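Engineer: Just so it is clear, I am handing over protein.txt, which has compact mmCIF, C-alpha atoms and all ligand atoms.
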```
# COMPACT_ATOMS: atom_id res chain seq x y z
CA MET S 1 -32.27 -101.48 200.91
CA ASP S 2 -31.83 -102.52 197.29
CA PHE S 3 -34.28 -100.53 195.19
CA LYS S 4 -33.34 -102.13 191.88
CA PRO S 5 -35.94 -104.94 192.02
CA ILE S 6 -38.68 -102.43 192.92
CA ILE S 7 -37.70 -100.18 190.02
CA ASP S 8 -37.51 -103.11 187.59
CA THR S 9 -40.85 -104.55 188.59
CA LEU S 10 -42.76 -101.28 188.78
CA MET S 11 -41.45 -100.04 185.44
CA ARG S 12 -42.43 -103.30 183.77
CA ARG S 13 -45.88 -103.49 185.33
CA LEU S 14 -46.83 -99.83 185.06
CA TYR S 15 -45.47 -99.13 181.59
CA PRO S 16 -48.25 -100.82 179.55
CA LEU S 17 -51.15 -99.08 181.33
CA ASN S 18 -53.24 -96.53 179.47
CA ARG S 19 -52.98 -93.70 181.96
CA SER S 20 -54.63 -90.34 181.34
CA LEU S 21 -56.29 -87.69 183.50
CA THR S 22 -58.74 -90.30 184.77
CA GLY S 23 -59.69 -93.91 184.21
CA GLU S 24 -59.33 -97.44 185.43
CA ASP S 25 -55.66 -97.67 184.50
CA ASN S 26 -54.85 -94.68 186.73
CA ARG S 27 -56.50 -96.61 189.56
CA LYS S 28 -54.54 -99.72 188.63
CA THR S 29 -51.35 -97.64 188.70
CA LEU S 30 -52.12 -96.42 192.21
CA ARG S 31 -53.02 -99.93 193.38
CA LEU S 32 -49.70 -101.27 192.12
CA ILE S 33 -47.92 -98.47 193.97
CA ARG S 34 -49.89 -99.38 197.08
CA GLU S 35 -48.21 -102.78 197.03
CA ILE S 36 -44.95 -100.95 197.85
CA ILE S 37 -46.12 -98.07 200.07
CA PRO S 38 -49.37 -97.67 202.06
CA LEU S 39 -50.97 -95.14 199.76
CA ASN S 40 -54.38 -93.50 200.27
CA ILE S 41 -56.31 -93.56 197.03
CA LEU S 42 -58.60 -90.54 196.78
CA GLU S 43 -61.39 -90.12 194.24
CA TYR S 44 -62.57 -86.68 193.15
CA ALA S 45 -65.93 -86.85 191.35
CA SER S 46 -66.32 -85.65 187.77
CA GLY S 47 -67.95 -82.24 187.66
CA THR S 48 -66.37 -81.05 190.92
CA ASN S 49 -65.31 -77.44 190.56
CA VAL S 50 -61.78 -76.86 191.77
CA TYR S 51 -60.77 -73.20 191.56
CA ASP S 52 -61.05 -72.26 187.87
CA TRP S 53 -61.19 -75.89 186.74
CA THR S 54 -63.69 -78.75 186.69
CA VAL S 55 -62.79 -82.41 187.24
CA PRO S 56 -63.54 -83.99 183.84
CA ASP S 57 -65.59 -87.04 182.99
CA GLU S 58 -63.81 -90.32 183.37
CA TRP S 59 -62.25 -91.75 180.22
CA ASN S 60 -61.88 -95.45 179.58
CA VAL S 61 -60.96 -97.30 176.41
CA LYS S 62 -61.92 -100.84 175.45
CA ASP S 63 -60.53 -100.84 171.94
CA ALA S 64 -59.54 -98.62 169.05
CA TRP S 65 -58.37 -99.35 165.53
CA ILE S 66 -58.42 -98.31 161.90
CA LYS S 67 -59.08 -100.96 159.23
CA ASN S 68 -58.56 -100.65 155.50
CA SER S 69 -61.18 -101.76 152.98
CA LYS S 70 -59.84 -105.34 153.13
CA GLY S 71 -60.65 -105.41 156.83
CA LYS S 72 -56.99 -105.41 157.82
CA LYS S 73 -56.05 -103.34 160.87
CA VAL S 74 -53.61 -100.62 159.88
CA VAL S 75 -53.55 -98.99 163.31
CA ASP S 76 -54.25 -100.88 166.54
CA PHE S 77 -54.54 -99.38 170.03
CA LYS S 78 -53.69 -102.79 171.47
CA GLU S 79 -50.22 -102.58 169.95
CA SER S 80 -49.55 -99.18 171.55
CA ASN S 81 -51.85 -97.01 173.61
CA LEU S 82 -50.05 -93.97 172.16
CA HIS S 83 -51.90 -94.64 168.89
CA LEU S 84 -55.02 -93.10 170.35
CA VAL S 85 -55.20 -89.38 171.14
CA SER S 86 -55.87 -89.33 174.86
CA TYR S 87 -59.49 -88.49 175.72
CA SER S 88 -60.71 -89.39 172.22
CA VAL S 89 -64.48 -89.54 172.05
CA PRO S 90 -66.13 -92.74 170.75
CA ILE S 91 -66.67 -93.12 167.02
CA HIS S 92 -67.45 -95.91 164.57
CA GLU S 93 -67.48 -94.72 160.98
CA THR S 94 -66.10 -95.52 157.57
CA MET S 95 -64.41 -92.56 155.95
CA SER S 96 -62.29 -91.42 153.04
CA TYR S 97 -58.51 -91.07 153.01
CA LYS S 98 -58.99 -87.31 152.90
CA LYS S 99 -61.05 -87.28 156.07
CA ILE S 100 -58.98 -89.77 158.05
CA SER S 101 -55.68 -88.13 157.13
CA LYS S 102 -56.82 -84.98 158.96
CA LYS S 103 -57.11 -87.10 162.10
CA LEU S 104 -53.68 -88.70 161.90
CA PHE S 105 -50.65 -87.26 163.68
CA PHE S 106 -47.04 -88.24 162.96
CA LEU S 107 -43.58 -86.75 163.15
CA GLU S 108 -41.63 -85.92 160.00
CA ASP S 109 -38.29 -85.87 161.79
CA LEU S 110 -38.75 -89.12 163.78
CA PRO S 111 -40.36 -91.39 161.17
CA ASP S 112 -40.43 -94.48 163.41
CA ALA S 113 -41.86 -92.78 166.48
CA ILE S 114 -45.51 -92.57 167.48
CA PRO S 115 -46.12 -89.12 168.94
CA TYR S 116 -48.11 -88.54 172.14
CA ARG S 117 -51.16 -86.29 171.83
CA THR S 118 -54.07 -85.40 174.08
CA SER S 119 -57.37 -83.63 173.66
CA TYR S 120 -58.48 -83.35 177.26
CA TYR S 121 -60.76 -80.37 177.14
CA LYS S 122 -61.89 -80.26 173.52
CA LYS S 123 -64.19 -83.14 172.58
CA ASP S 124 -62.33 -84.63 169.64
CA TRP S 125 -60.65 -87.79 168.45
CA GLY S 126 -57.53 -88.77 166.56
CA PHE S 127 -54.80 -91.33 166.03
CA CYS S 128 -51.06 -91.00 166.35
CA ILE S 129 -48.87 -93.12 164.11
CA ALA S 130 -45.31 -93.41 162.90
CA LYS S 131 -44.60 -91.53 159.68
CA SER S 132 -43.42 -94.81 158.17
CA GLN S 133 -46.79 -96.34 159.03
CA PHE S 134 -48.60 -93.46 157.37
CA ASP S 135 -46.49 -93.78 154.22
CA THR S 136 -47.06 -97.52 153.82
CA LYS S 137 -50.57 -98.10 155.19
CA PHE S 138 -52.59 -95.12 154.03
CA MET S 139 -53.45 -94.74 150.35
CA GLU S 140 -55.49 -92.17 148.50
CA ASN S 141 -58.79 -93.50 147.14
CA GLU S 142 -58.88 -96.08 149.95
CA LYS S 143 -61.67 -96.15 152.54
CA TYR S 144 -61.04 -96.64 156.25
CA GLU S 145 -63.22 -98.00 159.00
CA VAL S 146 -62.50 -96.24 162.27
CA LEU S 147 -63.49 -97.59 165.66
CA ILE S 148 -62.91 -95.93 168.99
CA ASP S 149 -64.68 -97.89 171.68
CA SER S 150 -64.14 -95.41 174.48
CA SER S 151 -66.39 -93.99 177.15
CA LEU S 152 -66.46 -90.50 178.57
CA ALA S 153 -68.86 -90.50 181.48
CA PRO S 154 -69.22 -89.17 185.01
CA GLY S 155 -66.85 -91.03 187.28
CA SER S 156 -63.89 -89.74 189.22
CA MET S 157 -60.26 -88.69 189.07
CA SER S 158 -57.93 -90.85 191.16
CA ILE S 159 -55.13 -89.39 193.24
CA GLY S 160 -52.63 -91.15 195.47
CA GLU S 161 -51.51 -89.57 198.73
CA PHE S 162 -49.05 -90.78 201.32
CA LEU S 163 -47.99 -88.82 204.39
CA ILE S 164 -44.92 -89.84 206.39
CA LYS S 165 -45.00 -88.13 209.75
CA GLY S 166 -41.74 -86.87 211.17
CA LYS S 167 -41.09 -85.14 214.48
CA SER S 168 -41.99 -81.65 213.32
CA GLU S 169 -45.14 -80.36 211.69
CA LYS S 170 -43.09 -79.02 208.82
CA GLU S 171 -44.02 -80.82 205.62
CA ILE S 172 -42.08 -81.33 202.45
CA LEU S 173 -44.04 -82.01 199.28
CA VAL S 174 -43.05 -84.72 196.80
CA SER S 175 -45.19 -84.69 193.68
CA SER S 176 -45.16 -86.83 190.56
CA TYR S 177 -47.71 -87.22 187.79
CA ILE S 178 -49.55 -90.33 186.68
CA CYS S 179 -51.28 -89.10 183.53
CA HIS S 180 -48.93 -90.35 180.83
CA PRO S 181 -49.58 -93.64 179.02
CA SER S 182 -46.78 -95.87 177.72
CA MET S 183 -43.73 -93.66 177.98
CA ALA S 184 -40.92 -94.50 180.35
CA ASN S 185 -38.89 -91.39 181.12
CA ASP S 186 -41.78 -88.93 181.04
CA SER S 187 -43.43 -89.54 183.44
CA LEU S 188 -43.14 -93.11 184.68
CA SER S 189 -39.52 -92.92 185.83
CA GLY S 190 -40.51 -90.03 188.12
CA VAL S 191 -43.42 -91.96 189.59
CA VAL S 192 -41.24 -95.00 190.25
CA LEU S 193 -38.46 -92.90 191.78
CA SER S 194 -41.01 -91.20 194.04
CA VAL S 195 -42.26 -94.58 195.23
CA CYS S 196 -38.68 -95.60 196.10
CA LEU S 197 -38.00 -92.29 197.84
CA ALA S 198 -41.21 -92.72 199.84
CA LYS S 199 -40.15 -96.23 200.82
CA TYR S 200 -36.67 -94.96 201.76
CA LEU S 201 -38.11 -92.27 204.03
CA TYR S 202 -40.83 -94.54 205.42
CA LEU S 203 -38.22 -97.07 206.53
CA LYS S 204 -36.48 -94.39 208.58
CA ARG S 205 -39.64 -92.61 209.69
CA ASN S 206 -38.71 -92.84 213.37
CA GLU S 207 -35.70 -90.62 212.89
CA LEU S 208 -37.24 -88.08 210.49
CA GLN S 209 -37.28 -84.45 211.60
CA HIS S 210 -39.84 -83.33 209.03
CA SER S 211 -42.96 -84.85 207.50
CA TYR S 212 -43.20 -85.80 203.85
CA ARG S 213 -46.35 -85.55 201.76
CA PHE S 214 -46.19 -87.69 198.61
CA VAL S 215 -48.80 -87.14 195.92
CA PHE S 216 -49.33 -89.09 192.71
CA LEU S 217 -51.75 -87.21 190.50
CA PRO S 218 -52.56 -86.29 186.92
CA GLU S 219 -50.67 -83.20 185.87
CA THR S 220 -52.34 -79.78 186.22
CA ILE S 221 -55.97 -80.76 186.99
CA GLY S 222 -54.78 -83.26 189.63
CA ALA S 223 -52.49 -80.73 191.28
CA VAL S 224 -55.12 -77.98 191.12
CA ALA S 225 -57.75 -80.29 192.63
CA TYR S 226 -55.41 -81.49 195.37
CA LEU S 227 -54.50 -77.88 196.27
CA PHE S 228 -58.19 -77.02 196.35
CA LYS S 229 -59.10 -79.94 198.60
CA ASN S 230 -56.13 -79.43 200.93
CA GLU S 231 -55.77 -75.68 200.78
CA GLU S 232 -54.90 -75.04 204.40
CA ILE S 233 -52.26 -77.76 204.57
CA MET S 234 -50.75 -76.89 201.22
CA ARG S 235 -50.48 -73.19 202.04
CA LYS S 236 -48.24 -74.10 204.96
CA ILE S 237 -45.86 -76.16 202.84
CA ASP S 238 -42.70 -74.29 202.12
CA CYS S 239 -40.82 -76.49 199.67
CA GLY S 240 -40.63 -79.79 197.87
CA PHE S 241 -39.92 -81.70 194.69
CA VAL S 242 -41.66 -82.27 191.40
CA ILE S 243 -40.16 -85.54 190.27
CA THR S 244 -40.18 -86.41 186.58
CA THR S 245 -37.90 -87.55 183.75
CA VAL S 246 -35.23 -89.10 185.94
CA GLY S 247 -34.20 -92.18 183.97
CA GLY S 248 -32.90 -91.20 180.52
CA LYS S 249 -29.47 -91.98 179.14
CA GLY S 250 -28.36 -88.36 179.13
CA VAL S 251 -27.30 -85.70 181.57
CA ILE S 252 -28.38 -84.97 185.11
CA GLY S 253 -30.15 -81.64 185.36
CA PHE S 254 -31.39 -79.36 188.07
CA LYS S 255 -34.34 -77.03 187.74
CA SER S 256 -34.42 -74.52 190.55
CA SER S 257 -37.49 -73.21 192.31
CA PHE S 258 -39.10 -69.84 191.63
CA ASP S 259 -37.07 -68.25 194.43
CA PRO S 260 -33.46 -69.15 193.67
CA THR S 261 -32.39 -67.98 197.14
CA HIS S 262 -34.60 -70.58 198.83
CA GLU S 263 -32.50 -73.08 200.76
CA ILE S 264 -33.81 -76.11 198.91
CA ASN S 265 -31.86 -74.86 195.88
CA GLY S 266 -28.63 -74.50 197.83
CA ILE S 267 -29.01 -77.89 199.46
CA ALA S 268 -29.76 -79.67 196.18
CA ASN S 269 -26.90 -77.88 194.42
CA SER S 270 -24.46 -78.85 197.16
CA VAL S 271 -25.37 -82.54 196.78
CA LEU S 272 -25.22 -82.32 193.00
CA SER S 273 -21.85 -80.62 192.91
CA ASP S 274 -20.45 -83.22 195.33
CA ASN S 275 -21.74 -86.13 193.23
CA VAL S 276 -22.08 -85.17 189.59
CA LYS S 277 -19.24 -83.94 187.41
CA ASN S 278 -21.28 -81.88 185.02
CA TYR S 279 -24.91 -81.24 185.58
CA VAL S 280 -27.09 -78.83 183.69
CA GLN S 281 -28.68 -75.98 185.59
CA TYR S 282 -32.12 -74.92 184.50
CA PRO S 283 -33.41 -71.69 186.01
CA PHE S 284 -37.02 -71.64 187.11
CA ASP S 285 -39.33 -71.46 184.14
CA ILE S 286 -43.07 -71.15 184.34
CA ARG S 287 -43.32 -73.76 181.60
CA GLY S 288 -42.88 -77.20 183.04
CA SER S 289 -44.88 -79.44 185.28
CA ASP S 290 -46.88 -78.97 188.47
CA GLU S 291 -44.45 -76.41 189.87
CA ARG S 292 -46.76 -74.06 187.95
CA GLN S 293 -49.56 -74.85 190.39
CA TYR S 294 -47.47 -75.18 193.56
CA SER S 295 -45.65 -71.90 192.86
CA SER S 296 -48.82 -69.94 192.20
CA GLN S 297 -49.41 -66.83 194.29
CA GLN S 298 -51.61 -68.32 196.99
CA PHE S 299 -49.28 -71.26 197.65
CA ARG S 300 -45.73 -70.26 196.73
CA ILE S 301 -44.23 -73.68 197.40
CA ASN S 302 -40.62 -73.76 196.24
CA THR S 303 -40.31 -76.98 194.27
CA VAL S 304 -37.18 -78.17 192.49
CA SER S 305 -36.64 -80.98 190.00
CA ILE S 306 -33.55 -83.14 189.59
CA THR S 307 -33.75 -84.81 186.20
CA LYS S 308 -31.90 -87.20 183.93
CA ASP S 309 -32.85 -86.21 180.41
CA LYS S 310 -35.22 -83.44 181.35
CA TYR S 311 -38.56 -83.07 179.57
CA TYR S 312 -38.35 -80.89 176.42
CA GLU S 313 -34.62 -81.61 176.17
CA TYR S 314 -34.41 -85.06 174.56
CA SER S 315 -35.49 -85.96 171.05
CA TYR S 316 -37.63 -88.95 172.11
CA TYR S 317 -39.68 -86.74 174.45
CA HIS S 318 -43.44 -87.40 174.11
CA THR S 319 -42.97 -90.26 171.66
CA SER S 320 -43.06 -94.06 171.67
CA LEU S 321 -39.24 -94.07 171.61
CA ASP S 322 -39.30 -92.91 175.22
CA ASN S 323 -39.65 -96.57 176.12
CA LEU S 324 -38.17 -99.23 178.40
CA GLN S 325 -35.04 -99.41 176.23
CA PHE S 326 -34.45 -95.70 176.67
CA VAL S 327 -34.83 -95.82 180.45
CA GLU S 328 -32.54 -98.04 182.47
CA THR S 329 -32.84 -99.09 186.08
CA ASP S 330 -29.29 -97.91 186.74
CA SER S 331 -30.15 -94.42 185.48
CA ILE S 332 -33.11 -94.19 187.84
CA MET S 333 -30.88 -95.51 190.64
CA GLU S 334 -28.36 -92.76 189.95
CA THR S 335 -31.01 -90.05 190.27
CA LEU S 336 -32.66 -91.77 193.24
CA LYS S 337 -29.37 -91.70 195.17
CA ILE S 338 -29.16 -87.95 194.65
CA TYR S 339 -32.76 -87.45 195.77
CA CYS S 340 -32.09 -89.54 198.88
CA GLN S 341 -29.05 -87.46 199.77
CA VAL S 342 -30.89 -84.20 199.19
CA THR S 343 -33.80 -85.29 201.41
CA ASP S 344 -31.32 -86.50 204.04
CA LEU S 345 -29.83 -83.01 204.22
CA LEU S 346 -33.16 -81.26 203.97
CA ASP S 347 -34.37 -83.35 206.85
CA LEU S 348 -31.45 -82.32 209.08
CA ASN S 349 -31.89 -78.68 208.14
CA ILE S 350 -33.64 -77.63 211.31
CA LYS S 351 -33.34 -74.61 213.58
CA PHE S 352 -31.93 -74.68 217.07
CA LYS S 353 -32.45 -72.06 219.74
CA ASN S 354 -29.92 -71.26 222.42
CA THR S 355 -31.62 -71.92 225.75
CA SER S 356 -28.59 -71.49 227.98
CA GLY S 357 -29.52 -68.06 229.28
CA PHE S 358 -27.41 -64.90 229.38
CA GLY S 359 -23.74 -64.93 228.46
CA GLU S 360 -21.73 -67.94 227.53
CA PRO S 361 -22.53 -71.11 229.43
CA MET S 362 -19.77 -72.64 231.50
CA LEU S 363 -19.16 -75.60 229.25
CA SER S 364 -17.10 -77.60 231.73
CA LYS S 365 -20.23 -77.92 233.86
CA TYR S 366 -21.94 -79.78 231.06
CA ASP S 367 -19.33 -82.42 230.58
CA LEU S 368 -18.57 -80.98 227.17
CA TYR S 369 -15.42 -78.96 227.57
CA PRO S 370 -12.85 -81.18 229.29
CA HIS S 371 -13.23 -84.25 227.13
CA LEU S 372 -13.07 -82.49 223.87
CA GLY S 373 -9.82 -82.00 222.19
CA GLY S 374 -8.24 -82.60 218.87
CA SER S 375 -9.43 -81.04 215.74
CA ALA S 376 -11.53 -82.05 212.82
CA LYS S 377 -10.73 -81.05 209.30
CA PHE S 378 -13.60 -79.77 207.27
CA HIS S 379 -14.20 -78.65 203.75
CA ASN S 380 -11.64 -76.12 202.57
CA GLY S 381 -8.89 -77.24 204.88
CA ARG S 382 -9.93 -74.89 207.61
CA GLU S 383 -9.64 -76.61 210.94
CA LEU S 384 -12.25 -76.30 213.59
CA THR S 385 -12.32 -78.17 216.86
CA LYS S 386 -15.56 -79.48 218.20
CA ILE S 387 -15.46 -76.78 220.84
CA ASP S 388 -15.33 -74.18 218.06
CA ILE S 389 -18.45 -75.70 216.59
CA ILE S 390 -20.19 -75.66 219.97
CA LEU S 391 -19.33 -72.02 220.52
CA TRP S 392 -20.44 -71.02 217.03
CA LEU S 393 -23.69 -72.93 217.39
CA LEU S 394 -24.40 -71.19 220.70
CA HIS S 395 -23.61 -67.93 218.96
CA TYR S 396 -25.75 -68.46 215.87
CA CYS S 397 -28.69 -70.53 217.08
CA ASP S 398 -31.35 -67.95 217.83
CA GLY S 399 -34.27 -70.04 216.62
CA ASN S 400 -34.37 -68.23 213.29
CA LYS S 401 -31.27 -69.42 211.48
CA SER S 402 -31.37 -72.79 209.79
CA LEU S 403 -28.48 -75.21 209.99
CA TYR S 404 -28.02 -74.72 206.25
CA GLU S 405 -27.52 -70.99 206.79
CA ILE S 406 -25.05 -71.67 209.60
CA SER S 407 -23.28 -74.33 207.56
CA ILE S 408 -22.63 -71.76 204.83
CA LYS S 409 -21.32 -69.22 207.34
CA MET S 410 -19.06 -71.78 209.01
CA ASN S 411 -18.27 -73.94 206.01
CA VAL S 412 -19.12 -77.01 208.06
CA PRO S 413 -21.46 -79.73 206.74
CA ILE S 414 -25.05 -79.67 208.04
CA LYS S 415 -24.71 -83.24 209.29
CA ILE S 416 -21.91 -82.30 211.72
CA LEU S 417 -23.77 -79.22 212.93
CA TYR S 418 -26.82 -81.37 213.48
CA GLU S 419 -24.90 -83.97 215.47
CA VAL S 420 -23.16 -81.44 217.70
CA GLY S 421 -26.40 -79.43 218.04
CA SER S 422 -28.31 -82.55 219.08
CA GLU S 423 -25.72 -83.23 221.79
CA LEU S 424 -26.23 -79.68 223.06
CA VAL S 425 -29.98 -80.35 223.14
CA THR S 426 -29.41 -83.31 225.45
CA LYS S 427 -27.40 -80.98 227.71
CA GLY S 428 -30.20 -78.42 227.76
CA LEU S 429 -28.11 -75.76 226.02
CA LEU S 430 -30.10 -75.74 222.81
CA SER S 431 -33.63 -76.67 221.93
CA LYS S 432 -35.11 -77.61 218.60
CA SER S 433 -37.09 -74.70 217.34
CA SER S 434 -40.54 -75.70 216.19
CA GLU S 435 -41.57 -74.52 212.73
ZN ZN S 501 -45.20 -85.03 179.45
```
Turn this file's structure into structure tokens for me.
Ligand code: ZN
Structural biologist:
Amino acid sequence: MDFKPIIDTLMRRLYPLNRSLTGEDNRKTLRLIREIIPLNILEYASGTNVYDWTVPDEWNVKDAWIKNSKGKKVVDFKESNLHLVSYSVPIHETMSYKKISKKLFFLEDLPDAIPYRTSYYKKDWGFCIAKSQFDTKFMENEKYEVLIDSSLAPGSMSIGEFLIKGKSEKEILVSSYICHPSMANDSLSGVVLSVCLAKYLYLKRNELQHSYRFVFLPETIGAVAYLFKNEEIMRKIDCGFVITTVGGKGVIGFKSSFDPTHEINGIANSVLSDNVKNYVQYPFDIRGSDERQYSSQQFRINTVSITKDKYYEYSYYHTSLDNLQFVETDSIMETLKIYCQVTDLLDLNIKFKNTSGFGEPMLSKYDLYPHLGGSAKFHNGRELTKIDIILWLLHYCDGNKSLYEISIKMNVPIKILYEVGSELVTKGLLSKSSE
């Protein structure tokens, strides 16, 4: 399937929306995603206590601007939603330069960029502007009329959820966040990639070994609330992905999970080293995105992130220059291909159990031995015949070792072990071990 048109269209349609923790544009975002994948849209009411947090009031914005004394708009939310500090309370007041300048945020080192600021949990307001705009539009002794026509009222927080059922009960989590307004790499590229990955897996759902739980939620409060509402399910999840910042012009990166020995790290690294010349390795860091919630003590879900221009690492991060010129469809495609390959391998990483009884089975009885000959060349030039692989699988598969573990021991790709193992299942010599 060609994902380019989906990426193009979704990026273009989702980019302008004024996403935040809550609000109508978050709902619109989820509805647009639902045109591609059959998403459940969940609403968690404002005021709901979720562990140590409370779902906030819903925030919606009709308009926001600053006018000078001539009535000319010097800052206009309609030109960029980044101009307004997210979760700004309503205000309509005329004020001095001295007062307004305390409410303006800009970046000295990126004079043409509008920074991204939020004030989710402290009732406040503010505007973000380019330094160049501040220098030319704001004068001492001038008076400014400020309007923020926003509402902060009980409503709900919207979360998207999509479960693709595979053969086993084992679930893999795929999480991306929908709380950022008009910025393309952080976090929209991750949302769009997740939608494509969901579509990719959904199209081959009949052959999937594992199940995949996709969530689209506002960062932190969304993840906390989703964990709270789905505690039992989420505690059983062993690993997954937090997908963000996947479409920049720079390097591919890999952030490992809190337990670097977890197999998801090895699997992702093997795909990356086969496909990317130089990629940057980021060890697990408690700063970051929703891995903070998923990795917390009661859940301990090992989540990794494959990035292209990782958050914190590029100069346009959290500014208006992280826009549709910075993020290209081809860049998202490049990262998507890696994610697809990693999930392909993860999906085949199952456990088999030898069910042939005591001793070595008499392979010729199973129509396996006589017809097999020749040899296959694998990785480091070491030659193994198919019969070698069968014997090793019968030796290793005790229901506890994963194919990834065996593939490391044997230096044979998971895919081949899976194919040979599946043939042995049809002969009754192995069974798939349920997890
Ligand atoms: Zn961010």
Engineer: In Å to one decimal, how far is CA of Ala225 in chain S from CA of Ile237 in chain S?
Structural biologist: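 Rounded to one decimal, the two atoms are 16.2 Å apart.
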Engineer: Name all residues at most 9 Å from Asp322 in chain S (count all atoms listed in the file; drop same-chain ones fewer than 4 positions away) and give them as a ChimeraX atom specification.
Structural biologist: /S:182-186,248,315-318,326-327
Engineer: Please write out the residues within 10 Å of ligand ZN 501 (chain S) as a list in words, counting all atoms listed in the file.
Structural biologist: Tyr116, Arg117, Tyr177, Ile178, Cys179, His180, Pro181, Met183, Asn185, Asp186, Ser187, Leu188, Glu219, Thr244, Thr245, Gly288, Ser289, Tyr311, Tyr312, Tyr317, His318 and Thr319 of chain S
Engineer: Return the single residue from S:Leu10, S:Ile233, S:Val242, S:Leu32 that is closest to Glu169 in chain S, with distances computed using all atoms listed in the file.
Structural biologist: S:Ile233
Engineer: Tell me which of S:Leu152, S:Ala64, S:Leu324, S:Leu197 sits closest to Asp2 in chain S, counting all atoms listed in the file.
Structural biologist: S:Leu197
Engineer: Closest to Asn40 in chain S among S:Val89, S:Leu17, S:Val215, S:Ile390, using only C-alpha atoms?
Structural biologist: S:Val215
Engineer: Report as an MDAnalysis selection string all protein, DNA and RNA residues lying within 9 Å of range 344-349 of chain S, evaluated on only C-alpha atoms, omitting residues in the same chain fewer than 3 positions from it.
Structural biologist: chainID S and resid 201 208:211 263:264 267:268 271 339:341 402:405 414:415 418
Engineer: So that I can see what lies close to Ile172 in chain S, please list as a list in words the residues with an atom at most 8 Å from it, counting only C-alpha atoms and leaving out residues fewer than 2 positions away in the same chain.
Structural biologist: Lys170, Val174, His210, Ser211, Tyr212, Arg213, Ile237, Asp238, Cys239 and Gly240 of chain S
Engineer: Grab the CA of Asn206 in chain S to CA of Glu35 in chain S distance for me, in Å with one decimal place.
Structural biologist: 21.4 Å
Engineer: Show me, as a list in words, the residues that have an atom within 7 Å of Ser356 in chain S when counting all atoms listed in the file, minus same-chain residues fewer than 4 positions from it.
Structural biologist: Pro361, Leu429 and Leu430 of chain S
Engineer: By how many Å are CA of Thr343 in chain S and CA of Ala198 in chain S apart?
Structural biologist: 10.6 Å
Engineer: Quick one: of S:Ser194, S:Thr307, S:Ser168, S:Asn265, who's nearest to Phe3 in chain S, counting only C-alpha atoms?
Structural biologist: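 Closest candidate: S:Ser194.
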Engineer: Which one is closest to Ala45 in chain S: S:Leu84, S:Ile159, S:Val61, S:Met95? Count all atoms listed in the file.
Structural biologist: S:Ile159
Engineer: Between S:Thr48, S:Asn60, S:Thr329, S:Ser256, which one has atoms that come closest to Phe228 in chain S, using only C-alpha atoms?
Structural biologist: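 Smallest distance to Phe228 in chain S is found for S:Thr48.
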Engineer: Excluding Leu147 in chain S and residues on its chain fewer than 5 positions from it, collect all residues at most 8 Å away from it, counting all atoms listed in the file, and give them as a list of chain:residue names.
Structural biologist: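 Skipping anything fewer than 5 positions along the chain leaves S:Asp63, S:Ala64, S:Trp65, S:Ile66, S:Pro90, S:Ile91, S:His92, S:Glu93.
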Engineer: Please tell me which residues are no farther than 12 Å from (-55.6, -75.5, 197.2) in the file, counting only C-alpha atoms, and write them as JSON, numbers by chain.
Structural biologist: {"S": [49, 50, 51, 52, 53, 221, 222, 223, 224, 225, 226, 227, 228, 229, 230, 231, 232, 233, 234, 235, 236, 237, 293, 294, 295, 296, 297, 298, 299, 300, 301]}
Engineer: List every protein, DNA or RNA residue that has an atom no more than 9 Å from (-56.4, -87.2, 183.4) in the file's coordinate frame, counting all atoms listed in the file, and report them as a PyMOL selection string.
Structural biologist: chain S and resi 19-23+26+55-56+58-59+86-87+120+157-158+178-180+217-222
